[in-house]
file my_file06.cif (mmCIF, C-alpha atoms and all ligand atoms)
data_upload
#
loop_
_atom_site.label_atom_id
_atom_site.label_comp_id
_atom_site.auth_asym_id
_atom_site.auth_seq_id
_atom_site.Cartn_x
_atom_site.Cartn_y
_atom_site.Cartn_z
CA MET A 1 115.00 109.88 101.52
CA GLN A 2 112.70 108.69 104.30
CA SER A 3 109.70 110.28 102.58
CA LEU A 4 110.06 107.88 99.62
CA LEU A 5 109.31 104.96 101.90
CA PRO A 6 105.70 104.42 103.03
CA VAL A 7 106.68 104.83 106.67
CA ARG A 8 103.83 105.32 109.17
CA ARG A 9 103.96 106.74 112.69
CA HIS A 10 102.26 105.51 115.88
CA VAL A 11 100.80 102.32 114.43
CA SER A 12 98.93 99.87 116.65
CA LEU A 13 100.47 96.40 116.55
CA ARG A 14 97.44 94.71 118.09
CA ALA A 15 96.45 92.94 114.89
CA PHE A 16 100.05 91.96 114.19
CA ASN A 17 100.81 89.88 117.32
CA THR A 18 98.92 86.69 118.15
CA PHE A 19 98.78 87.57 121.86
CA GLY A 20 96.61 90.50 120.74
CA ILE A 21 98.59 92.93 122.90
CA ASP A 22 97.66 96.55 122.26
CA ALA A 23 101.10 98.13 121.84
CA ALA A 24 102.14 100.67 119.24
CA ALA A 25 105.14 101.09 116.97
CA ASP A 26 106.68 104.54 116.95
CA THR A 27 107.59 104.02 113.27
CA TYR A 28 106.26 101.25 111.05
CA LEU A 29 107.19 99.98 107.60
CA HIS A 30 105.45 97.18 105.75
CA VAL A 31 108.31 95.65 103.75
CA THR A 32 107.19 94.22 100.43
CA ASP A 33 110.48 94.22 98.53
CA LEU A 34 114.19 94.08 99.21
CA GLY A 35 114.74 97.62 97.94
CA MET A 36 112.70 98.96 100.87
CA LEU A 37 115.08 97.31 103.33
CA GLU A 38 118.11 98.71 101.50
CA GLN A 39 116.57 102.16 101.48
CA ALA A 40 115.64 102.01 105.19
CA ARG A 41 119.18 100.94 106.03
CA ARG A 42 120.66 103.90 104.15
CA ASP A 43 118.24 106.37 105.75
CA PRO A 44 120.08 108.33 108.46
CA VAL A 45 117.03 108.55 110.74
CA LEU A 46 115.57 105.06 110.28
CA SER A 47 118.92 103.27 110.43
CA ASN A 48 119.67 104.67 113.88
CA MET A 49 116.38 103.68 115.48
CA PRO A 50 115.91 100.58 117.64
CA ARG A 51 114.64 97.91 115.24
CA LEU A 52 112.10 95.12 115.50
CA VAL A 53 111.61 92.68 112.64
CA LEU A 54 108.05 91.42 112.73
CA GLY A 55 106.82 88.33 110.92
CA GLY A 56 103.51 86.73 111.87
CA GLY A 57 103.91 88.03 115.44
CA SER A 58 103.22 84.54 116.79
CA ASN A 59 106.35 84.21 118.88
CA LEU A 60 106.39 87.66 120.40
CA LEU A 61 105.39 89.29 123.67
CA LEU A 62 105.19 93.08 123.50
CA THR A 63 105.57 94.54 127.00
CA GLY A 64 105.06 98.13 125.86
CA ASP A 65 105.07 100.46 122.90
CA PHE A 66 108.06 99.93 120.62
CA PRO A 67 110.14 103.11 120.54
CA GLY A 68 111.70 102.56 117.13
CA LEU A 69 111.26 101.09 113.67
CA VAL A 70 109.10 98.01 113.15
CA LEU A 71 109.91 96.24 109.89
CA HIS A 72 106.84 94.15 109.13
CA MET A 73 107.96 91.54 106.64
CA GLY A 74 105.54 91.08 103.76
CA LEU A 75 107.84 89.72 101.03
CA PRO A 76 105.68 87.45 98.85
CA GLY A 77 106.29 84.39 96.70
CA ILE A 78 106.45 80.59 96.65
CA ALA A 79 108.12 78.69 93.82
CA ILE A 80 109.71 75.39 92.90
CA VAL A 81 113.35 76.28 92.25
CA GLY A 82 115.08 72.93 91.74
CA ARG A 83 114.67 69.20 91.52
CA THR A 84 117.08 66.30 91.94
CA ALA A 85 116.49 62.56 92.02
CA GLU A 86 116.01 62.80 95.79
CA ALA A 87 114.26 66.07 96.47
CA VAL A 88 112.36 69.01 95.14
CA GLN A 89 113.43 72.46 96.25
CA VAL A 90 110.74 74.95 97.16
CA ARG A 91 111.62 78.54 97.97
CA ALA A 92 109.24 80.71 99.97
CA ALA A 93 109.62 84.37 100.80
CA ALA A 94 109.64 85.57 104.40
CA GLY A 95 106.19 87.18 104.30
CA GLU A 96 104.29 84.05 103.31
CA SER A 97 102.09 82.38 105.91
CA TRP A 98 103.68 79.20 107.26
CA HIS A 99 100.50 77.13 107.21
CA ALA A 100 99.62 78.31 103.70
CA LEU A 101 103.07 77.18 102.53
CA VAL A 102 102.60 73.75 104.13
CA GLN A 103 99.24 73.38 102.38
CA TRP A 104 100.71 74.59 99.08
CA THR A 105 103.47 71.95 99.19
CA LEU A 106 100.93 69.24 99.99
CA ALA A 107 98.69 70.38 97.15
CA GLN A 108 101.67 69.98 94.77
CA GLY A 109 102.10 66.43 96.07
CA PHE A 110 105.24 67.12 98.10
CA GLY A 111 105.43 65.64 101.58
CA GLY A 112 107.82 66.67 104.35
CA LEU A 113 106.20 69.62 106.10
CA GLU A 114 102.91 67.93 107.07
CA ASN A 115 103.80 67.36 110.76
CA LEU A 116 104.24 71.13 111.04
CA SER A 117 100.71 71.97 109.86
CA LEU A 118 98.74 74.79 111.49
CA ILE A 119 101.69 76.38 113.27
CA PRO A 120 100.91 80.10 113.30
CA GLY A 121 103.46 82.53 111.92
CA SER A 122 105.37 83.40 108.80
CA VAL A 123 107.96 81.59 106.68
CA GLY A 124 110.64 84.12 107.63
CA ALA A 125 110.30 83.26 111.31
CA CYS A 126 110.40 79.48 110.92
CA PRO A 127 114.19 79.08 110.92
CA ILE A 128 114.76 81.51 113.80
CA GLN A 129 113.26 79.25 116.45
CA ASN A 130 113.51 76.12 114.28
CA ILE A 131 109.79 75.44 114.64
CA GLY A 132 108.95 71.91 115.61
CA ALA A 133 105.99 69.71 116.37
CA TYR A 134 104.94 66.05 116.37
CA GLY A 135 108.44 64.68 115.94
CA ALA A 136 109.57 67.06 113.16
CA GLU A 137 111.75 70.14 113.15
CA VAL A 138 111.84 72.48 110.18
CA GLY A 139 115.65 72.75 110.24
CA ASN A 140 115.92 69.18 108.95
CA LEU A 141 114.10 70.21 105.75
CA ILE A 142 115.80 73.55 105.18
CA ASP A 143 118.45 73.65 102.44
CA ALA A 144 119.20 77.37 102.63
CA VAL A 145 118.23 80.65 104.26
CA ARG A 146 118.89 83.95 102.52
CA TYR A 147 119.12 87.07 104.65
CA PHE A 148 119.83 90.77 104.43
CA ASP A 149 122.68 91.75 106.72
CA TRP A 150 121.65 95.04 108.32
CA ASN A 151 125.24 95.75 109.44
CA THR A 152 126.82 95.49 105.99
CA GLY A 153 123.93 95.66 103.51
CA ASP A 154 125.02 92.33 102.01
CA ILE A 155 122.72 89.50 101.01
CA ILE A 156 124.01 86.24 102.44
CA THR A 157 122.91 82.66 101.89
CA LEU A 158 123.46 80.13 104.67
CA ASP A 159 123.20 76.39 104.17
CA ARG A 160 121.59 74.16 106.79
CA ALA A 161 124.80 73.64 108.77
CA GLY A 162 125.43 77.38 108.78
CA CYS A 163 122.06 77.94 110.47
CA ALA A 164 123.24 75.92 113.53
CA PHE A 165 119.78 74.55 114.24
CA GLY A 166 118.98 73.17 117.70
CA TYR A 167 115.84 72.64 119.76
CA ARG A 168 113.88 75.89 119.19
CA ASP A 169 117.24 77.46 118.40
CA SER A 170 119.45 78.71 115.56
CA ILE A 171 122.23 81.16 114.75
CA PHE A 172 119.51 83.79 114.19
CA LYS A 173 118.93 83.86 117.98
CA HIS A 174 122.63 84.23 118.70
CA GLY A 175 125.41 85.48 116.38
CA LEU A 176 122.99 86.96 113.83
CA ARG A 177 120.47 88.34 116.30
CA ASN A 178 119.48 91.95 115.51
CA ARG A 179 121.50 91.68 112.33
CA ALA A 180 119.99 89.19 109.86
CA ILE A 181 116.66 89.96 108.24
CA ILE A 182 115.48 86.75 106.63
CA LEU A 183 114.38 87.19 103.01
CA ASP A 184 113.48 83.67 101.97
CA VAL A 185 113.89 80.02 102.90
CA THR A 186 114.58 77.11 100.54
CA PHE A 187 113.20 73.75 101.59
CA GLY A 188 114.40 70.37 100.32
CA LEU A 189 111.35 68.11 100.26
CA PRO A 190 112.11 64.40 99.85
CA LEU A 191 110.65 62.67 96.80
CA GLN A 192 111.04 59.31 98.56
CA TRP A 193 108.70 60.48 101.29
CA ARG A 194 107.98 58.40 104.39
CA PRO A 195 105.54 59.27 107.16
CA ASN A 196 107.05 60.46 110.42
CA LEU A 197 104.84 58.88 113.06
CA GLN A 198 107.34 58.66 115.93
CA TYR A 199 105.14 60.96 118.03
CA VAL A 200 102.75 58.53 119.71
CA GLU A 201 99.84 60.96 119.89
CA LEU A 202 99.99 61.48 116.14
CA ALA A 203 100.15 57.75 115.40
CA ASN A 204 97.15 57.24 117.69
CA GLU A 205 95.22 60.02 116.00
CA LEU A 206 95.74 58.38 112.61
CA ALA A 207 94.82 54.94 113.93
CA HIS A 208 91.61 56.36 115.38
CA PRO A 209 88.95 56.77 112.70
CA ALA A 210 87.29 59.63 114.63
CA SER A 211 90.08 61.96 113.55
CA ALA A 212 88.95 61.78 109.95
CA ARG A 213 85.71 63.49 110.93
CA VAL A 214 87.29 66.43 112.73
CA GLU A 215 86.55 69.60 110.86
CA ASN A 216 89.41 71.28 109.05
CA PRO A 217 89.66 74.80 110.51
CA HIS A 218 91.11 75.99 107.20
CA PRO A 219 88.37 75.00 104.76
CA GLY A 220 89.58 74.72 101.22
CA ALA A 221 93.18 74.30 102.23
CA LEU A 222 93.30 70.65 101.24
CA GLU A 223 90.90 70.66 98.35
CA THR A 224 93.45 69.71 95.72
CA PRO A 225 93.91 65.95 95.51
CA LEU A 226 97.31 64.88 96.74
CA VAL A 227 99.60 62.52 94.90
CA PRO A 228 102.81 62.21 96.91
CA GLN A 229 105.60 61.27 94.54
CA ALA A 230 106.54 58.09 96.38
CA ASP A 231 102.96 56.82 96.59
CA GLN A 232 103.52 53.89 94.29
CA ASP A 233 106.19 52.47 96.64
CA ARG A 234 104.34 53.05 99.89
CA PRO A 235 102.72 50.24 101.87
CA SER A 236 98.97 50.65 101.34
CA ASP A 237 98.22 50.88 105.07
CA GLU A 238 100.47 53.92 105.50
CA PRO A 239 98.78 57.32 105.69
CA ASP A 240 99.71 59.87 103.05
CA ALA A 241 101.04 63.33 103.83
CA ALA A 242 97.60 64.92 103.54
CA ALA A 243 96.12 62.50 106.07
CA ILE A 244 98.95 63.30 108.48
CA SER A 245 98.37 67.01 107.99
CA ARG A 246 94.66 66.55 108.77
CA ALA A 247 95.53 64.55 111.91
CA VAL A 248 97.97 67.23 113.10
CA ILE A 249 95.34 69.91 112.44
CA ALA A 250 92.82 67.88 114.44
CA ILE A 251 95.17 67.47 117.43
CA ARG A 252 96.25 71.10 117.42
CA SER A 253 92.68 72.35 117.09
CA ARG A 254 91.67 70.26 120.11
CA LYS A 255 94.61 71.10 122.36
CA LEU A 256 95.78 74.58 121.44
CA PRO A 257 93.81 77.83 121.42
CA ASP A 258 93.12 79.47 118.05
CA PRO A 259 94.94 82.83 118.22
CA ALA A 260 92.15 84.41 116.18
CA ARG A 261 89.85 83.83 119.18
CA ILE A 262 92.13 83.59 122.23
CA GLY A 263 95.39 85.53 122.20
CA ASN A 264 98.45 83.31 122.73
CA ALA A 265 101.91 82.54 121.40
CA GLY A 266 101.85 78.73 121.50
CA SER A 267 104.14 77.16 124.08
CA PHE A 268 105.34 80.00 126.29
CA PHE A 269 108.28 77.99 127.65
CA LYS A 270 110.75 75.58 126.12
CA ASN A 271 110.77 72.06 127.48
CA PRO A 272 113.80 72.13 129.81
CA VAL A 273 116.69 69.77 129.19
CA VAL A 274 118.32 68.23 132.29
CA THR A 275 121.06 65.67 132.93
CA GLY A 276 120.29 62.01 133.51
CA VAL A 277 121.29 62.44 137.18
CA GLN A 278 118.87 65.35 137.66
CA ARG A 279 116.09 63.48 135.93
CA ASP A 280 116.61 60.33 138.06
CA ALA A 281 116.50 62.43 141.24
CA LEU A 282 113.25 64.05 140.11
CA VAL A 283 111.67 60.69 139.24
CA THR A 284 112.40 59.49 142.78
CA ASP A 285 110.24 62.31 144.13
CA TRP A 286 107.80 62.46 141.21
CA PRO A 287 107.35 58.96 139.70
CA ALA A 288 104.85 60.30 137.13
CA LEU A 289 107.32 62.87 135.75
CA VAL A 290 107.04 63.08 131.94
CA SER A 291 110.50 63.05 130.35
CA PHE A 292 112.01 62.12 127.01
CA ALA A 293 115.52 60.67 126.65
CA GLN A 294 117.74 62.62 124.22
CA PRO A 295 120.45 61.04 122.04
CA ASP A 296 123.21 62.61 124.18
CA GLY A 297 121.96 61.03 127.43
CA SER A 298 120.18 64.16 128.67
CA TYR A 299 116.39 64.33 129.20
CA LYS A 300 113.79 66.77 127.98
CA LEU A 301 111.11 67.36 130.63
CA ALA A 302 107.53 68.22 129.70
CA ALA A 303 107.25 71.80 130.94
CA GLY A 304 103.45 71.56 130.63
CA TRP A 305 103.48 68.70 133.13
CA LEU A 306 105.69 70.64 135.59
CA ILE A 307 103.41 73.72 135.38
CA ASP A 308 100.31 71.54 135.65
CA ARG A 309 101.67 69.89 138.83
CA CYS A 310 102.20 73.34 140.32
CA GLY A 311 98.45 73.86 139.95
CA TRP A 312 98.61 76.61 137.33
CA LYS A 313 96.47 75.04 134.61
CA GLY A 314 93.37 77.15 133.99
CA ARG A 315 94.41 79.83 136.52
CA SER A 316 94.66 83.57 135.90
CA MET A 317 96.50 86.62 137.13
CA GLY A 318 94.46 89.61 136.03
CA ALA A 319 93.66 89.20 132.34
CA ALA A 320 96.59 86.84 131.78
CA GLY A 321 95.82 83.14 132.05
CA VAL A 322 97.06 79.59 131.69
CA TYR A 323 95.13 77.68 129.04
CA GLU A 324 92.74 75.09 130.47
CA LYS A 325 93.82 72.31 128.08
CA GLN A 326 97.60 72.92 127.92
CA ALA A 327 99.50 74.44 130.83
CA LEU A 328 102.42 75.40 128.58
CA VAL A 329 100.27 77.96 126.76
CA LEU A 330 99.69 81.37 128.32
CA ILE A 331 96.66 83.25 127.06
CA ASN A 332 95.23 86.73 126.90
CA ARG A 333 91.78 86.49 128.50
CA GLY A 334 90.77 89.94 127.35
CA ASN A 335 92.71 93.12 127.40
CA ALA A 336 95.84 91.79 129.05
CA SER A 337 98.94 93.92 128.78
CA GLY A 338 102.26 92.35 127.88
CA VAL A 339 103.48 93.13 131.40
CA GLU A 340 100.57 91.15 132.90
CA ILE A 341 101.50 88.13 130.76
CA LEU A 342 105.14 88.55 131.77
CA HIS A 343 104.24 88.67 135.49
CA LEU A 344 102.23 85.48 135.12
CA ALA A 345 105.18 83.83 133.35
CA GLN A 346 107.53 84.91 136.14
CA ALA A 347 105.19 83.56 138.84
CA ILE A 348 105.08 80.22 137.02
CA GLN A 349 108.87 80.16 136.65
CA ALA A 350 109.29 80.82 140.38
CA ASP A 351 106.88 78.02 141.36
CA VAL A 352 108.46 75.47 139.00
CA GLN A 353 111.92 76.44 140.22
CA ALA A 354 110.87 76.11 143.88
CA ARG A 355 109.15 72.75 143.42
CA PHE A 356 111.38 71.02 140.86
CA GLY A 357 114.63 73.01 140.91
CA VAL A 358 114.26 73.61 137.15
CA MET A 359 114.31 77.07 135.54
CA LEU A 360 111.90 77.40 132.63
CA GLU A 361 113.16 79.45 129.70
CA SER A 362 110.59 81.47 127.78
CA GLU A 363 110.17 80.72 124.10
CA PRO A 364 108.70 83.93 122.62
CA VAL A 365 110.82 86.99 122.04
CA ILE A 366 110.03 89.47 124.84
CA VAL A 367 110.27 93.08 123.70
N1 LIG A 401 101.22 67.74 129.92
C1 LIG A 401 100.57 67.80 131.11
N2 LIG A 401 99.82 68.89 131.41
C2 LIG A 401 99.69 69.92 130.54
C3 LIG A 401 100.36 69.89 129.32
C4 LIG A 401 101.14 68.78 129.01
O1 LIG A 401 100.66 66.88 131.92
O2 LIG A 401 98.99 70.87 130.86
C5 LIG A 401 102.00 66.56 129.56
C6 LIG A 401 101.24 65.75 128.50
O3 LIG A 401 100.39 64.82 129.08
C7 LIG A 401 102.34 65.07 127.75
C8 LIG A 401 103.51 66.02 127.90
O4 LIG A 401 103.19 66.93 128.93
O5 LIG A 401 102.68 63.87 128.37
C9 LIG A 401 103.84 66.74 126.61
O6 LIG A 401 102.71 67.51 126.16
P1 LIG A 401 102.40 67.77 124.62
O7 LIG A 401 102.41 66.49 123.87
O8 LIG A 401 101.19 68.61 124.54
O9 LIG A 401 103.65 68.55 124.08
P2 LIG A 401 104.52 69.73 124.72
O10 LIG A 401 105.84 69.18 125.09
O11 LIG A 401 103.74 70.41 125.77
C10 LIG A 401 105.64 70.40 122.46
C11 LIG A 401 105.93 71.67 121.72
C12 LIG A 401 104.70 72.15 120.98
C13 LIG A 401 104.30 71.05 120.00
C14 LIG A 401 104.02 69.77 120.78
C15 LIG A 401 103.75 68.61 119.87
C16 LIG A 401 107.67 72.82 122.98
C17 LIG A 401 108.01 73.95 123.88
N3 LIG A 401 106.37 72.70 122.66
O12 LIG A 401 104.67 70.71 123.46
O13 LIG A 401 105.05 73.29 120.23
O14 LIG A 401 103.15 71.43 119.27
O15 LIG A 401 105.19 69.41 121.56
O16 LIG A 401 104.91 68.23 119.23
O17 LIG A 401 108.56 72.08 122.56
C18 LIG A 401 105.13 75.65 120.35
O18 LIG A 401 106.36 75.56 120.32
O19 LIG A 401 104.56 76.77 120.37
C19 LIG A 401 104.33 74.45 120.37
C20 LIG A 401 102.99 74.47 120.51
#
call {"tool": "encode", "arguments": {"input": "my_file06.cif", "output": "structure tokens"}}
result
Amino acid sequence: MQSLLPVRRHVSLRAFNTFGIDAAADTYLHVTDLGMLEQARRDPVLSNMPRLVLGGGSNLLLTGDFPGLVLHMGLPGIAIVGRTAEAVQVRAAAGESWHALVQWTLAQGFGGLENLSLIPGSVGACPIQNIGAYGAEVGNLIDAVRYFDWNTGDIITLDRAGCAFGYRDSIFKHGLRNRAIILDVTFGLPLQWRPNLQYVELANELAHPASARVENPHPGALETPLVPQADQDRPSDEPDAAAISRAVIAIRSRKLPDPARIGNAGSFFKNPVVTGVQRDALVTDWPALVSFAQPDGSYKLAAGWLIDRCGWKGRSMGAAGVYEKQALVLINRGNASGVEILHLAQAIQADVQARFGVMLESEPVIV
């Protein structure tokens, strides 16, 4: 049965992880339709191997060769699947590029995903860590996630509540970990769109005319004229979704390394959440501490600031480094191994713990 699947042996994953780590998969399958998953699950050899589901490889640190089956998700397709008075529903398959989907929705005139422009990775990965940026989290726009249950072979659809979204968190990291293989995601994009400019840096970027001149690193992506549905009701001084997308692209291009040139996985750590008491004690010692009050009275601390204050920004350990412009981003300065990146991360965790009494939790999946 295995021979019917285009399974390959000893495949380098270097091009398939944005850190650019040169690790190999023992067994590799590029999954382009659901039948391939069903067949792999029924195969007595493949089904008993350790399993790694790979999307865009942008939230992954490979610390060695993978001794099992890598399922590289390439399911294609984006379509409008429903429309109500309030929202349009767009369904995208797991293998689609996240940024390409964002640009596709904008080109159709649908706002909602613009704050999440230029995030590397695939559609299938977006619900797992509930990707977020510039005041938006994808979970708030997801209507449904359909997955293949590797344990039972069933195809299950979860609604938003069923996904249990949290800050860089979802059920796919917990109860459904190693079990759910995401097939597609359905987004509910509001027809009465309003800009989300709560993130001060984004509002400033839009207010600053210089941003309009920053080159779009994805030429052609925004060529189609945009006509957001709610345009006629919008105050004329409000930016449209395309302008917000361009501003986000400009900020990200300035602050974050392009994985095509410098290997990285975005923020390597989550911003830690502490109690109000802990935060007040820290502010006494560190008046410049950057923190954000949460609705439940806790505080999110800027991990980049903590790492920066420990003097790590721009430093290196072997070929692993801390990005010069954003201390939360670890980078591959050349031929770093995953273990080198991991050792750097551990050294940073130890320093932040010693100085601030806060344990940083890594964001990428470490395999
Ligand atoms: N800061 C420093 N030094 C640094 C980095 C940051 O002092 O080296 C300070 C900044 O001055 C700022 C604060 O830390 O006051 C926050 O920095 P920034 O606005 O860059 O955001 P972040 O908290 O570091 C988060 C997300 C990013 C997302 C941005 C924008 C996490 C873990 N990271 O970063 O997401 O793009 O906000 O919304 O929540 C990712 O998850 O991979 C990612 C890039």
call {"tool": "axis_aligned_box", "arguments": {"input": "my_file06.cif", "around": "range 50-63 of chain A", "padding_each_side": "8 Å", "output": "lines of an AutoDock Vina configuration file"}}
result
center_x = 109.6
center_y = 92.4
center_z = 119.0
size_x = 28.7
size_y = 32.4
size_z = 32.1
call {"tool": "residues_around", "arguments": {"input": "my_file06.cif", "residues": "Gly153 in chain A", "least_positions_apart": "4", "cutoff": "7 Å", "atoms": "all atoms listed in the file", "output": "compact mmCIF listing (two decimals) with C-alpha atoms, in the coordinates of the input"}}
result
# COMPACT_ATOMS: atom_id res chain seq x y z
CA GLU A 38 118.11 98.71 101.50
CA PHE A 148 119.83 90.77 104.43
CA ASP A 149 122.68 91.75 106.72
call {"tool": "closest_atom_pairs", "arguments": {"input": "my_file06.cif", "of": "chain A", "to": "ligand LIG 401 (chain A)", "cutoff": "7 Å", "atoms": "only C-alpha atoms and all ligand atoms", "output": "JSON lines"}}
result
{"residue": "A:Ile131", "atom": "CA", "partner": "A:LIG401", "partner_atom": "O18", "distance": 6.6}
{"residue": "A:Gly132", "atom": "CA", "partner": "A:LIG401", "partner_atom": "O13", "distance": 6.2}
{"residue": "A:Ala133", "atom": "CA", "partner": "A:LIG401", "partner_atom": "O16", "distance": 3.4}
{"residue": "A:Tyr134", "atom": "CA", "partner": "A:LIG401", "partner_atom": "O16", "distance": 3.6}
{"residue": "A:Gly135", "atom": "CA", "partner": "A:LIG401", "partner_atom": "O16", "distance": 6.0}
{"residue": "A:Ala265", "atom": "CA", "partner": "A:LIG401", "partner_atom": "O19", "distance": 6.4}
{"residue": "A:Gly266", "atom": "CA", "partner": "A:LIG401", "partner_atom": "O19", "distance": 3.5}
{"residue": "A:Ser267", "atom": "CA", "partner": "A:LIG401", "partner_atom": "O19", "distance": 3.8}
{"residue": "A:Phe268", "atom": "CA", "partner": "A:LIG401", "partner_atom": "O19", "distance": 6.8}
{"residue": "A:Phe269", "atom": "CA", "partner": "A:LIG401", "partner_atom": "C17", "distance": 5.5}
{"residue": "A:Lys270", "atom": "CA", "partner": "A:LIG401", "partner_atom": "C17", "distance": 3.9}
{"residue": "A:Asn271", "atom": "CA", "partner": "A:LIG401", "partner_atom": "C17", "distance": 4.9}
{"residue": "A:Val290", "atom": "CA", "partner": "A:LIG401", "partner_atom": "O5", "distance": 5.7}
{"residue": "A:Ala302", "atom": "CA", "partner": "A:LIG401", "partner_atom": "O4", "distance": 4.6}
{"residue": "A:Ala303", "atom": "CA", "partner": "A:LIG401", "partner_atom": "O11", "distance": 6.4}
{"residue": "A:Gly304", "atom": "CA", "partner": "A:LIG401", "partner_atom": "C3", "distance": 3.7}
{"residue": "A:Trp305", "atom": "CA", "partner": "A:LIG401", "partner_atom": "O1", "distance": 3.6}
{"residue": "A:Ile307", "atom": "CA", "partner": "A:LIG401", "partner_atom": "O2", "distance": 6.9}
{"residue": "A:Asp308", "atom": "CA", "partner": "A:LIG401", "partner_atom": "O2", "distance": 5.0}
{"residue": "A:Lys313", "atom": "CA", "partner": "A:LIG401", "partner_atom": "O2", "distance": 6.1}
{"residue": "A:Lys325", "atom": "CA", "partner": "A:LIG401", "partner_atom": "O2", "distance": 6.0}
{"residue": "A:Gln326", "atom": "CA", "partner": "A:LIG401", "partner_atom": "O2", "distance": 3.8}
{"residue": "A:Ala327", "atom": "CA", "partner": "A:LIG401", "partner_atom": "O2", "distance": 3.6}
{"residue": "A:Leu328", "atom": "CA", "partner": "A:LIG401", "partner_atom": "O11", "distance": 5.9}
call {"tool": "atom_distance", "arguments": {"input": "my_file06.cif", "atom1": "CA of Ser47 in chain A", "atom2": "CA of Ile182 in chain A"}}
result
17.3 Å
call {"tool": "atom_distance", "arguments": {"input": "my_file06.cif", "atom1": "CA of Leu301 in chain A", "atom2": "CA of Asn59 in chain A"}}
result
21.1 Å
call {"tool": "residues_around", "arguments": {"input": "my_file06.cif", "residues": "range 257-260 of chain A", "least_positions_apart": "4", "cutoff": "8 Å", "atoms": "only C-alpha atoms", "output": "VMD selection string"}}
result
chain A and resid 18 to 19 253 264 to 265 323
call {"tool": "decode", "arguments": {"input": "my_file06.cif", "residues": "range 65-108 of chain A", "atoms": "C-alpha atoms", "output": "compact mmCIF listing (two decimals), in the first residue's frame"}}
result
# COMPACT_ATOMS: atom_id res chain seq x y z
CA ASP A 65 16.92 14.77 11.82
CA PHE A 66 13.31 13.67 12.16
CA PRO A 67 13.19 9.90 12.61
CA GLY A 68 9.70 9.37 11.22
CA LEU A 69 7.07 10.57 8.77
CA VAL A 70 6.89 14.23 7.80
CA LEU A 71 3.49 15.14 6.36
CA HIS A 72 4.10 18.32 4.39
CA MET A 73 0.69 19.90 3.92
CA GLY A 74 0.10 21.15 0.40
CA LEU A 75 -3.72 21.07 0.18
CA PRO A 76 -4.71 23.88 -2.21
CA GLY A 77 -7.74 26.11 -2.64
CA ILE A 78 -9.36 29.40 -1.63
CA ALA A 79 -13.05 30.07 -2.18
CA ILE A 80 -15.96 32.18 -1.02
CA VAL A 81 -18.34 29.68 0.57
CA GLY A 82 -21.08 31.82 2.12
CA ARG A 83 -22.43 35.28 2.63
CA THR A 84 -24.80 36.79 5.19
CA ALA A 85 -25.84 40.38 5.81
CA GLU A 86 -22.91 40.72 8.22
CA ALA A 87 -20.07 38.68 6.80
CA VAL A 88 -18.62 36.83 3.89
CA GLN A 89 -17.19 33.38 4.52
CA VAL A 90 -13.92 32.49 2.87
CA ARG A 91 -12.52 28.98 3.11
CA ALA A 92 -8.83 28.32 2.54
CA ALA A 93 -7.08 24.98 2.48
CA ALA A 94 -4.21 24.22 4.83
CA GLY A 95 -1.48 24.37 2.19
CA GLU A 96 -2.17 27.91 1.04
CA SER A 97 0.31 30.63 1.99
CA TRP A 98 -1.03 32.83 4.78
CA HIS A 99 0.12 36.12 3.26
CA ALA A 100 -1.21 35.16 -0.17
CA LEU A 101 -4.61 34.49 1.42
CA VAL A 102 -4.58 37.88 3.16
CA GLN A 103 -3.79 39.58 -0.15
CA TRP A 104 -6.47 37.55 -1.95
CA THR A 105 -9.15 38.64 0.53
CA LEU A 106 -8.08 42.27 0.20
CA ALA A 107 -8.14 42.02 -3.58
CA GLN A 108 -11.76 40.81 -3.36
